[in-house]
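Participant: Compact mmCIF, C-alpha atoms, file my_file-v2.txt:
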```txt
# COMPACT_ATOMS: atom_id res chain seq x y z
CA MET K 1 1.92 -31.33 -34.03
CA LEU K 2 0.15 -27.99 -34.29
CA ASP K 3 -2.57 -26.70 -31.99
CA ILE K 4 -5.97 -27.22 -33.67
CA ASN K 5 -7.51 -24.21 -31.93
CA TYR K 6 -4.64 -22.00 -33.06
CA ILE K 7 -5.15 -23.11 -36.67
CA LEU K 8 -8.88 -22.32 -36.51
CA GLU K 9 -8.42 -18.94 -34.85
CA ASN K 10 -5.46 -17.83 -37.00
CA LYS K 11 -6.11 -19.47 -40.35
CA GLU K 12 -4.56 -16.78 -42.57
CA GLU K 13 -1.51 -16.40 -40.36
CA VAL K 14 -0.95 -20.17 -40.40
CA LYS K 15 -1.11 -20.14 -44.21
CA THR K 16 1.48 -17.34 -44.36
CA LEU K 17 3.87 -18.97 -41.89
CA LEU K 18 3.70 -22.33 -43.68
CA LYS K 19 4.37 -20.55 -46.96
CA ASN K 20 7.37 -18.83 -45.33
CA LYS K 21 8.68 -22.31 -44.57
CA GLY K 22 8.09 -23.42 -48.16
CA TYR K 23 5.21 -25.72 -47.26
CA GLU K 24 1.90 -25.82 -49.12
CA ALA K 25 -1.19 -27.17 -47.36
CA ASP K 26 -4.96 -26.86 -47.87
CA ILE K 27 -5.66 -25.12 -44.57
CA ASP K 28 -9.13 -23.99 -45.70
CA THR K 29 -10.27 -27.59 -46.16
CA LEU K 30 -8.63 -28.60 -42.89
CA CYS K 31 -10.53 -25.87 -41.02
CA GLU K 32 -13.81 -26.93 -42.66
CA GLN K 33 -13.16 -30.50 -41.55
CA LEU K 34 -12.34 -29.39 -38.01
CA LEU K 35 -15.59 -27.44 -37.77
CA GLN K 36 -17.52 -30.34 -39.29
CA LYS K 37 -15.98 -32.66 -36.72
CA ARG K 38 -17.08 -30.37 -33.90
CA ALA K 39 -20.62 -30.19 -35.30
CA ILE K 40 -20.89 -33.98 -35.56
CA GLN K 41 -19.47 -34.43 -32.06
CA ARG K 42 -22.00 -31.95 -30.71
CA SER K 43 -24.83 -33.77 -32.51
CA VAL K 44 -23.69 -37.09 -31.05
CA GLU K 45 -23.53 -35.60 -27.54
CA LEU K 46 -27.01 -34.10 -27.83
CA ASN K 47 -28.43 -37.35 -29.19
CA LYS K 48 -26.90 -39.34 -26.34
CA ALA K 49 -28.28 -36.88 -23.81
CA GLU K 50 -31.74 -37.21 -25.43
CA GLN K 51 -31.44 -41.02 -25.41
CA ASN K 52 -30.60 -40.98 -21.71
CA LYS K 53 -33.47 -38.63 -20.95
CA LEU K 54 -35.97 -40.79 -22.86
CA SER K 55 -34.68 -44.02 -21.30
CA LYS K 56 -35.00 -42.56 -17.80
CA SER K 57 -38.59 -41.53 -18.56
CA VAL K 58 -39.75 -45.11 -19.31
CA PRO K 59 -40.51 -46.16 -15.68
CA GLN K 60 -42.58 -43.04 -15.08
CA VAL K 61 -44.51 -43.45 -18.33
CA LYS K 62 -45.22 -47.10 -17.50
CA LYS K 63 -46.35 -46.11 -14.02
CA GLU K 64 -48.77 -43.62 -15.50
CA GLY K 65 -50.07 -46.26 -17.94
CA GLY K 66 -48.65 -44.53 -21.00
CA ASP K 67 -47.35 -46.10 -24.23
CA VAL K 68 -43.57 -46.63 -24.09
CA ASN K 69 -43.30 -48.04 -27.64
CA ALA K 70 -42.96 -44.54 -29.08
CA ILE K 71 -40.12 -43.88 -26.63
CA PHE K 72 -38.32 -47.07 -27.61
CA ALA K 73 -38.75 -46.23 -31.29
CA LYS K 74 -37.29 -42.76 -30.77
CA VAL K 75 -34.35 -44.15 -28.79
CA LYS K 76 -33.70 -46.65 -31.57
CA GLU K 77 -33.85 -43.88 -34.16
CA LEU K 78 -31.40 -41.73 -32.19
CA ALA K 79 -29.04 -44.69 -31.72
CA ALA K 80 -29.04 -45.39 -35.47
CA GLU K 81 -28.38 -41.72 -36.19
CA ASN K 82 -25.50 -41.73 -33.71
CA LYS K 83 -24.01 -44.86 -35.28
CA ALA K 84 -24.03 -43.18 -38.69
CA ASN K 85 -22.49 -40.02 -37.23
CA GLU K 86 -19.80 -41.96 -35.37
CA ASP K 87 -18.87 -43.76 -38.60
CA LYS K 88 -18.59 -40.38 -40.35
CA LEU K 89 -16.55 -39.08 -37.43
CA ALA K 90 -14.06 -41.97 -37.64
CA VAL K 91 -13.42 -41.28 -41.33
CA LEU K 92 -13.18 -37.52 -40.75
CA GLU K 93 -10.80 -37.88 -37.79
CA LYS K 94 -8.48 -40.10 -39.86
CA GLU K 95 -8.41 -37.50 -42.67
CA ILE K 96 -7.70 -34.68 -40.19
CA TYR K 97 -5.02 -36.69 -38.40
CA ASP K 98 -3.20 -37.51 -41.64
CA VAL K 99 -3.03 -33.80 -42.50
CA LEU K 100 -2.00 -32.69 -39.00
CA VAL K 101 0.87 -35.19 -38.60
CA ALA K 102 2.32 -34.10 -41.95
CA LEU K 103 2.27 -30.37 -41.15
CA PRO K 104 5.64 -28.92 -40.08
CA ASN K 105 6.04 -26.68 -37.08
CA LEU K 106 5.18 -23.03 -37.68
CA PRO K 107 8.29 -20.84 -37.92
CA ASP K 108 8.52 -17.92 -35.52
CA LYS K 109 7.08 -14.72 -36.98
CA ASP K 110 10.38 -12.80 -36.91
CA LEU K 111 12.16 -15.26 -39.23
CA LEU K 112 12.74 -14.28 -42.83
CA PRO K 113 10.87 -16.39 -45.39
CA GLY K 114 12.77 -18.62 -47.79
CA GLU K 115 15.74 -20.95 -47.65
CA LYS K 116 19.50 -20.71 -46.98
CA GLU K 117 19.85 -17.59 -49.10
CA ASN K 118 18.01 -15.67 -46.37
CA ASN K 119 20.01 -16.98 -43.42
CA LYS K 120 21.53 -14.07 -41.54
CA PRO K 121 24.89 -14.11 -39.70
CA ILE K 122 24.36 -12.30 -36.38
CA TYR K 123 27.65 -12.90 -34.51
CA TYR K 124 31.32 -13.46 -35.32
CA TYR K 125 34.08 -14.60 -32.94
CA LYS K 126 37.67 -13.55 -33.69
CA GLU K 127 39.02 -12.61 -37.07
CA LYS K 128 39.57 -15.12 -39.83
CA PRO K 129 42.96 -16.76 -39.23
CA THR K 130 45.70 -15.79 -41.68
CA PHE K 131 48.74 -17.84 -42.63
CA SER K 132 52.13 -16.91 -44.08
CA PHE K 133 52.53 -20.37 -45.63
CA LYS K 134 50.60 -22.64 -47.98
CA LEU K 135 47.59 -24.10 -46.18
CA LYS K 136 46.91 -27.80 -45.89
CA ASP K 137 43.34 -29.10 -45.76
CA HIS K 138 42.18 -31.28 -42.87
CA VAL K 139 42.31 -34.54 -44.88
CA THR K 140 45.96 -33.96 -45.75
CA LEU K 141 46.74 -33.06 -42.13
CA GLU K 142 44.85 -36.07 -40.75
CA GLU K 143 46.87 -38.40 -42.97
CA SER K 144 50.27 -36.74 -42.41
CA LEU K 145 49.74 -36.66 -38.64
CA GLY K 146 48.50 -40.27 -38.57
CA LEU K 147 45.14 -39.35 -37.03
CA ILE K 148 42.57 -40.82 -39.43
CA ASP K 149 42.57 -43.85 -41.73
CA TYR K 150 39.97 -43.34 -44.44
CA GLU K 151 41.20 -46.14 -46.70
CA ARG K 152 40.79 -48.92 -44.14
CA GLY K 153 37.54 -47.38 -42.89
CA ALA K 154 36.15 -47.73 -46.41
CA LYS K 155 37.51 -51.29 -46.60
CA VAL K 156 35.69 -52.53 -43.50
CA SER K 157 32.53 -50.43 -43.81
CA GLY K 158 32.33 -48.41 -47.01
CA ALA K 159 32.73 -44.83 -48.16
CA GLY K 160 31.70 -42.19 -45.62
CA THR K 161 33.34 -43.96 -42.68
CA TRP K 162 36.79 -43.90 -41.09
CA PHE K 163 39.05 -45.11 -38.31
CA TYR K 164 40.36 -42.72 -35.67
CA THR K 165 43.88 -43.98 -35.00
CA GLY K 166 46.36 -43.33 -32.20
CA LEU K 167 46.49 -39.64 -31.33
CA GLY K 168 43.50 -39.07 -33.63
CA ALA K 169 41.36 -41.26 -31.36
CA GLN K 170 42.81 -39.49 -28.33
CA LEU K 171 42.04 -36.06 -29.80
CA GLU K 172 38.47 -37.09 -30.61
CA TRP K 173 38.01 -38.39 -27.07
CA ALA K 174 39.61 -35.26 -25.62
CA ILE K 175 37.11 -33.07 -27.48
CA LEU K 176 34.22 -35.17 -26.17
CA ASN K 177 35.60 -35.11 -22.63
CA PHE K 178 35.96 -31.33 -22.80
CA PHE K 179 32.33 -30.94 -23.91
CA ILE K 180 31.09 -33.31 -21.19
CA SER K 181 33.04 -31.55 -18.43
CA GLU K 182 31.68 -28.16 -19.51
CA HIS K 183 28.06 -29.36 -19.43
CA LEU K 184 28.50 -30.93 -16.02
CA LYS K 185 29.81 -27.63 -14.68
CA ASP K 186 26.59 -25.94 -15.78
CA GLY K 187 24.25 -28.37 -14.07
CA PHE K 188 23.08 -30.41 -17.05
CA THR K 189 22.27 -34.07 -16.32
CA PHE K 190 24.49 -36.53 -18.20
CA MET K 191 22.54 -39.23 -20.08
CA LEU K 192 23.63 -42.25 -22.13
CA PRO K 193 20.54 -43.21 -24.14
CA PRO K 194 19.81 -46.35 -26.16
CA HIS K 195 20.96 -46.21 -29.78
CA ILE K 196 18.12 -48.39 -31.12
CA LEU K 197 14.75 -46.64 -30.98
CA ASN K 198 11.11 -47.47 -31.78
CA TYR K 199 8.70 -45.82 -34.19
CA GLU K 200 7.00 -43.73 -31.47
CA SER K 201 10.33 -42.05 -30.71
CA GLY K 202 10.77 -40.98 -34.33
CA PHE K 203 7.17 -39.81 -34.47
CA THR K 204 7.38 -37.71 -31.32
CA ALA K 205 10.61 -36.07 -32.50
CA GLY K 206 8.81 -35.12 -35.72
CA GLN K 207 11.05 -37.21 -37.97
CA PHE K 208 8.27 -39.66 -38.87
CA PRO K 209 6.33 -40.13 -41.04
CA LYS K 210 7.93 -37.55 -43.38
CA PHE K 211 11.59 -38.59 -42.99
CA GLU K 212 11.09 -42.29 -42.41
CA ASN K 213 13.33 -43.17 -45.34
CA ASP K 214 16.25 -41.06 -44.08
CA ILE K 215 17.16 -43.31 -41.15
CA PHE K 216 18.93 -46.65 -40.81
CA LYS K 217 16.06 -49.03 -40.20
CA LEU K 218 16.79 -52.44 -38.68
CA ASP K 219 15.44 -55.56 -40.36
CA LEU K 220 13.54 -57.09 -37.44
CA PRO K 221 10.39 -59.24 -37.71
CA GLU K 222 7.18 -57.43 -36.69
CA GLN K 223 9.10 -54.54 -35.13
CA PHE K 224 9.99 -51.04 -36.32
CA LYS K 225 13.42 -50.20 -34.92
CA PHE K 226 15.98 -47.70 -36.16
CA MET K 227 19.41 -46.34 -35.27
CA LEU K 228 19.25 -42.92 -33.68
CA PRO K 229 20.26 -40.10 -36.06
CA THR K 230 20.95 -37.85 -33.05
CA ALA K 231 20.62 -38.16 -29.27
CA GLU K 232 17.83 -35.59 -29.48
CA THR K 233 15.51 -38.28 -30.84
CA ALA K 234 15.94 -40.30 -27.64
CA LEU K 235 16.10 -37.42 -25.16
CA VAL K 236 12.93 -35.65 -26.40
CA ASN K 237 11.04 -38.89 -25.74
CA TYR K 238 12.19 -39.24 -22.13
CA TYR K 239 8.93 -37.82 -20.73
CA ARG K 240 6.67 -39.13 -23.50
CA GLY K 241 3.17 -39.73 -22.16
CA GLU K 242 3.96 -38.12 -18.79
CA ILE K 243 2.69 -35.12 -16.82
CA LEU K 244 5.26 -33.32 -14.64
CA LYS K 245 4.79 -30.57 -12.06
CA GLU K 246 5.70 -27.03 -13.12
CA GLU K 247 8.19 -26.76 -10.27
CA GLU K 248 10.13 -29.71 -11.73
CA LEU K 249 10.91 -27.69 -14.86
CA PRO K 250 13.20 -26.92 -16.57
CA LYS K 251 14.82 -30.30 -17.15
CA LYS K 252 18.29 -30.00 -18.68
CA PHE K 253 19.91 -33.06 -20.25
CA PHE K 254 22.95 -33.78 -22.38
CA ALA K 255 24.11 -37.00 -23.95
CA TYR K 256 27.06 -38.38 -25.84
CA THR K 257 26.24 -40.76 -28.72
CA PRO K 258 27.46 -41.69 -32.12
CA CYS K 259 24.93 -40.49 -34.71
CA TYR K 260 23.86 -42.62 -37.65
CA ARG K 261 22.74 -40.85 -40.83
CA LYS K 262 21.92 -42.29 -44.24
CA GLU K 263 23.24 -39.28 -46.11
CA ALA K 264 27.02 -39.15 -46.41
CA GLY K 265 29.47 -36.84 -48.13
CA THR K 266 29.78 -36.47 -51.86
CA ASN K 267 32.84 -35.94 -54.02
CA ARG K 268 32.45 -32.19 -53.56
CA VAL K 269 35.50 -30.62 -51.94
CA GLU K 270 33.48 -29.09 -49.10
CA GLU K 271 32.24 -32.55 -48.03
CA ARG K 272 35.54 -34.43 -48.16
CA GLY K 273 36.84 -36.44 -45.24
CA MET K 274 34.77 -36.36 -42.06
CA ILE K 275 32.70 -33.26 -42.92
CA ARG K 276 29.72 -35.50 -43.67
CA GLY K 277 29.68 -39.22 -42.90
CA TYR K 278 27.36 -42.09 -42.05
CA GLN K 279 28.53 -42.14 -38.44
CA PHE K 280 29.91 -39.32 -36.30
CA ASN K 281 30.13 -38.36 -32.64
CA LYS K 282 28.11 -35.67 -30.96
CA VAL K 283 27.25 -34.30 -27.55
CA GLU K 284 23.62 -33.13 -27.61
CA MET K 285 21.72 -30.84 -25.24
CA VAL K 286 17.95 -31.03 -24.67
CA GLU K 287 15.73 -28.93 -22.41
CA TYR K 288 12.13 -29.36 -21.32
CA THR K 289 10.56 -26.08 -20.15
CA ALA K 290 7.27 -24.49 -19.21
CA ASP K 291 5.51 -22.89 -22.18
CA ASN K 292 6.56 -19.39 -21.06
CA ASP K 293 10.22 -20.26 -20.49
CA SER K 294 11.51 -21.61 -23.79
CA ASP K 295 12.80 -18.28 -25.12
CA ARG K 296 15.13 -18.05 -22.11
CA ALA K 297 16.20 -21.66 -22.59
CA PHE K 298 16.90 -21.04 -26.27
CA GLU K 299 19.34 -18.23 -25.45
CA GLU K 300 20.93 -20.44 -22.80
CA LEU K 301 21.58 -23.25 -25.28
CA VAL K 302 22.90 -20.86 -27.92
CA ASN K 303 25.28 -19.40 -25.36
CA LYS K 304 26.36 -22.90 -24.25
CA ALA K 305 27.29 -23.98 -27.80
CA LYS K 306 28.89 -20.60 -28.53
CA THR K 307 31.05 -20.72 -25.39
CA LEU K 308 32.37 -24.18 -26.23
CA VAL K 309 33.71 -23.01 -29.60
CA GLU K 310 35.09 -19.82 -28.05
CA LYS K 311 37.01 -21.81 -25.44
CA LEU K 312 38.53 -23.87 -28.24
CA GLY K 313 39.78 -20.57 -29.69
CA LEU K 314 38.22 -21.14 -33.11
CA HIS K 315 36.94 -18.48 -35.48
CA PHE K 316 33.20 -19.04 -36.07
CA ARG K 317 29.92 -17.29 -36.62
CA ILE K 318 26.28 -17.68 -35.55
CA SER K 319 23.57 -17.57 -38.21
CA LYS K 320 19.87 -17.03 -37.66
CA LEU K 321 18.15 -19.42 -40.05
CA ALA K 322 15.38 -18.36 -42.41
CA ALA K 323 12.01 -20.05 -41.96
CA GLY K 324 12.54 -22.50 -44.82
CA ASP K 325 15.93 -23.64 -43.54
CA CYS K 326 14.61 -24.56 -40.09
CA SER K 327 13.95 -28.28 -39.85
CA HIS K 328 10.47 -29.77 -40.06
CA SER K 329 9.90 -29.86 -36.28
CA MET K 330 11.47 -26.56 -35.32
CA ALA K 331 10.04 -23.06 -34.92
CA ARG K 332 13.41 -21.36 -34.59
CA THR K 333 17.06 -22.31 -35.20
CA TYR K 334 20.46 -20.65 -34.84
CA ASP K 335 23.45 -22.41 -36.39
CA ILE K 336 26.93 -22.17 -34.90
CA GLU K 337 29.24 -22.41 -37.93
CA VAL K 338 32.98 -22.98 -37.65
CA TYR K 339 35.44 -21.69 -40.24
CA LEU K 340 37.51 -24.01 -42.46
CA PRO K 341 40.44 -21.97 -43.85
CA SER K 342 41.34 -24.37 -46.68
CA LEU K 343 37.90 -23.88 -48.23
CA ASP K 344 37.19 -20.37 -46.92
CA ILE K 345 33.72 -21.53 -45.85
CA TYR K 346 31.75 -22.00 -42.64
CA LYS K 347 30.33 -25.37 -41.59
CA GLU K 348 27.64 -25.95 -38.99
CA VAL K 349 28.80 -27.61 -35.76
CA SER K 350 25.63 -26.95 -33.77
CA SER K 351 22.01 -26.23 -34.54
CA VAL K 352 20.17 -24.82 -31.54
CA SER K 353 16.42 -25.09 -32.01
CA ASN K 354 13.16 -24.41 -30.22
CA ALA K 355 10.34 -26.83 -31.10
CA ARG K 356 7.96 -25.03 -28.75
CA SER K 357 5.00 -27.41 -28.11
CA TYR K 358 5.25 -29.26 -31.46
CA GLN K 359 7.08 -32.35 -30.19
CA ALA K 360 5.30 -32.32 -26.82
CA ARG K 361 1.89 -32.49 -28.55
CA ARG K 362 3.02 -35.46 -30.62
CA GLY K 363 4.36 -37.22 -27.52
CA MET K 364 1.73 -36.00 -25.00
CA MET K 365 4.38 -34.45 -22.73
CA ARG K 366 2.70 -32.06 -20.32
CA TYR K 367 3.01 -30.32 -16.98
CA LYS K 368 0.56 -29.14 -14.34
CA ASP K 369 0.84 -25.57 -13.08
CA LYS K 370 0.25 -24.43 -9.50
CA GLU K 371 -3.45 -23.93 -10.20
CA GLY K 372 -3.78 -27.47 -11.50
CA LYS K 373 -4.11 -26.49 -15.17
CA VAL K 374 -2.35 -28.80 -17.61
CA HIS K 375 -0.08 -27.34 -20.33
CA TYR K 376 2.12 -28.82 -23.03
CA MET K 377 5.84 -28.55 -22.31
CA HIS K 378 8.21 -26.86 -24.73
CA THR K 379 11.23 -28.83 -25.98
CA LEU K 380 14.56 -27.48 -27.21
CA ASN K 381 17.74 -29.05 -28.46
CA GLY K 382 21.24 -28.05 -29.49
CA SER K 383 24.48 -29.79 -30.38
CA GLY K 384 27.15 -29.23 -27.82
CA LEU K 385 28.93 -30.05 -30.19
CA ALA K 386 29.34 -32.31 -33.25
CA THR K 387 32.99 -33.37 -33.41
CA SER K 388 33.22 -34.26 -37.11
CA ARG K 389 33.49 -30.57 -38.05
CA ILE K 390 35.24 -29.36 -34.88
CA PHE K 391 38.07 -31.87 -35.43
CA PRO K 392 38.88 -30.59 -38.97
CA ALA K 393 38.53 -26.95 -37.86
CA ILE K 394 41.06 -27.46 -35.06
CA LEU K 395 43.55 -29.02 -37.48
CA GLU K 396 43.15 -26.31 -40.09
CA GLN K 397 43.00 -23.27 -37.82
CA TYR K 398 45.83 -24.45 -35.53
CA GLN K 399 48.20 -25.75 -38.23
CA ASN K 400 51.81 -24.63 -38.34
CA GLU K 401 54.27 -24.13 -41.19
CA ASP K 402 56.23 -27.29 -40.32
CA GLY K 403 53.08 -29.44 -40.75
CA SER K 404 52.43 -29.76 -37.02
CA VAL K 405 49.21 -28.74 -35.28
CA THR K 406 49.06 -26.95 -31.93
CA ILE K 407 46.52 -28.51 -29.56
CA PRO K 408 44.04 -25.99 -28.09
CA GLU K 409 44.89 -25.28 -24.48
CA VAL K 410 41.55 -26.51 -23.08
CA LEU K 411 42.10 -29.95 -24.63
CA ARG K 412 45.62 -30.51 -23.30
CA PRO K 413 44.56 -31.89 -19.90
CA PHE K 414 42.61 -34.58 -21.78
CA MET K 415 45.64 -35.33 -24.01
CA GLY K 416 48.03 -36.13 -21.18
CA GLY K 417 49.56 -32.65 -21.40
CA LEU K 418 50.52 -33.00 -25.06
CA THR K 419 50.76 -29.59 -26.73
CA VAL K 420 51.57 -30.34 -30.38
CA LEU K 421 50.64 -33.01 -32.94
CA LYS K 422 53.65 -33.71 -35.18
CA PRO K 423 53.82 -35.38 -38.60
CA ILE K 424 54.61 -39.09 -38.45
CA LYS K 425 57.79 -40.40 -39.98
CA LYS K 426 57.21 -42.75 -42.89
```
Please rewrite the model in this file as structure tokens.

Facilitator:
Amino acid sequence: MLDINYILENKEEVKTLLKNKGYEADIDTLCEQLLQKRAIQRSVELNKAEQNKLSKSVPQVKKEGGDVNAIFAKVKELAAENKANEDKLAVLEKEIYDVLVALPNLPDKDLLPGEKENNKPIYYYKEKPTFSFKLKDHVTLEESLGLIDYERGAKVSGAGTWFYTGLGAQLEWAILNFFISEHLKDGFTFMLPPHILNYESGFTAGQFPKFENDIFKLDLPEQFKFMLPTAETALVNYYRGEILKEEELPKKFFAYTPCYRKEAGTNRVEERGMIRGYQFNKVEMVEYTADNDSDRAFEELVNKAKTLVEKLGLHFRISKLAAGDCSHSMARTYDIEVYLPSLDIYKEVSSVSNARSYQARRGMMRYKDKEGKVHYMHTLNGSGLATSRIFPAILEQYQNEDGSVTIPEVLRPFMGGLTVLKPIKK
């Protein structure tokens, strides 16, 4: 949620930044309502103060033999006026709240306006791999190596799902173990969150109410429960409704979870196989920081995700997203995008984002500084990493002419020392 005072004091800037993100909102009317709310609140406060003053004067007036009926009449009049104002205030607050909860986070001022067309690659690692033989795509390799069973996955669940089988399951688990070990080395706290969350968790993360239809909702009587679309949704609610001490920050968490998303791949070539599915595995990083420390934390998370892909030896790039391509809750996002040779395209394996105080305001997550002043925390998140694109990238970038795939060196300890995946004999 956005800061009301910031909106009032920077109305034109807020309009511009929302427009940069592709969002239209009647900020003029919102500001008028905010000022009207303040005026009514002030009137109510003054009336109550006058009521108290008059009520306290009654004993003295009686003692002096004066007429208290006029005082009672005035108190009654002020009370009726306050009741009318409080009714107006309730309606006005609901209208303001409905607008505020729908507003996206403001993009940082240095981001280009617009959508994907204005995303800017800012870093490349290694050269594009070249091959002296005809390339195979990851789906072909997964099937020839006996790693993935799409057909039986579709049979037991439906399109957009799959079985990891044999060495495929081992490779997936090796990738996850590698990510986990790297985060532990860097002092992040390992978390295993619940997969079924409540409405407040989706609201705090900024996914509700706007994206309520994009999640897998459970059919439970008198309860709103949904399957987590990412571990971020759980982790950014960990301190919901709490006030920490500044010296306790930053808090650095990571979690492994499957992720459940309603949108799955299409028949388009670039979304074949496990590139986009209903369920995939991910290690997610989340940081809580003081309000003056999130820029440092953002660079830390970008570097964390970047280093993981570098250690896997994969060619990739980092893109700075334009304002309109940043998600609803985020002020800033860099995507780490791995290269798929068979398609000659890059696919995102991590989005590192800074929500600044947007999620903390929705979830009332605050901290107290050394002087006792209370601030909203800043929250950040980043995949570290999503395996459903890393897995295909490893197969495609490390494939050999004989149809085998060399296992990246950092994964071999988690594969029992195995160095090569070889085609299965049929």

Participant: Looking at K:Tyr6, K:Phe254, K:Phe316, K:Phe391, which one is nearest to K:Phe190, with distances taken over all atoms listed in the file?

Facilitator: K:Phe254

Participant: Using all atoms listed in the file for the distances, tell me which of K:Glu86, K:Glu337, K:Glu284, K:Asp325 is nearest to K:Tyr23.

Facilitator: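 The shortest atom-to-atom distance to K:Tyr23 comes from K:Asp325.
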
Participant: With distances taken over only C-alpha atoms, which of K:Met274, K:Leu314, K:Leu17, K:Ile27 is nearest to K:Asp108?

Facilitator: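 Nearest candidate to K:Asp108 out of K:Met274, K:Leu314, K:Leu17, K:Ile27: K:Leu17.
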
Participant: Write out as a ChimeraX atom specification which residues come within 8 Å of stretch 113-124 of chain K when counting all atoms listed in the file, dropping same-chain ones fewer than 5 positions away.

Facilitator: /K:19-22,315-325

Participant: Near K:Lys134, counting only C-alpha atoms, which residues have an atom at most 10 Å away, once you skip same-chain residues fewer than 4 positions from it, shown as a PDB file with C-alpha atoms, in the coordinates of the input?

Facilitator:
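Contents of the output file part05.pdb:
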```pdb
ATOM      1  CA  SER K 342      41.340 -24.370 -46.680  1.00  0.00           C
ATOM      2  CA  ASN K 400      51.810 -24.630 -38.340  1.00  0.00           C
ATOM      3  CA  GLU K 401      54.270 -24.130 -41.190  1.00  0.00           C
TER       4      GLU K 401
END
```

Participant: Could you check the closest approach to K:Ile215 for each of K:Lys304, K:Asp28, K:Glu172, K:Lys262 and tell me which residue wins, using all atoms listed in the file?

Facilitator: K:Lys262

Participant: Applying 9 Å and all atoms listed in the file, which residues near K:Ser55 remain after dropping the ones on its own chain fewer than 6 positions away? List them as a list in words.

Facilitator: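 Using all atoms listed in the file, the neighbours found are Ile71, Phe72 and Val75 of chain K.
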
Participant: Nearest residue to K:Arg362 out of K:His183, K:Lys252, K:Arg240, K:Arg38, using all atoms listed in the file?

Facilitator: K:Arg240

Participant: Hey, could you pull the box centre and edge lengths for stretch 187-198 of chain K, axis-aligned, 4 Å padding per side, all listed atoms, to one decimal in Å, as AutoDock Vina command-line options?

Facilitator:
```
--center_x 17.8 --center_y -38.4 --center_z -22.9 --size_x 21.4 --size_y 28.0 --size_z 25.7
```

Participant: Quick one: everything within 10 Å of stretch 363-365 of chain K, counting only C-alpha atoms, minus sequence neighbours fewer than 5 positions away in the same chain. Send it as a VMD selection string.

Facilitator: chain K and resid 1 200 to 201 203 to 206 236 to 244 288 357 to 358 375 to 379

Participant: Could you state the separation of atom CA of K:Lys251 and atom CA of K:Gly384 in Å, given to one decimal place?

Facilitator: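 Between atom CA of K:Lys251 and atom CA of K:Gly384 the gap works out to 16.3 Å.
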
Participant: Using all atoms listed in the file, which residue out of K:Leu411, K:Cys259, K:Leu34, K:Ala231 lies closest to K:Lys94?

Facilitator: K:Leu34

Participant: Excluding K:Glu182 and any residue of its chain fewer than 5 positions from it, enumerate the residues within 12 Å of it, using all atoms listed in the file, and give them as a PyMOL selection string.

Facilitator: chain K and resi 175-177+187-190+254+283+285+304-305+307-309+311-312+384-385+410-411

Participant: For the point (44.4, -43.5, -30.9) in file coordinates, what residues are within 12 Å, counting all atoms listed in the file? Give the answer as a ChimeraX atom specification?

Facilitator: /K:145-149,163-174,415
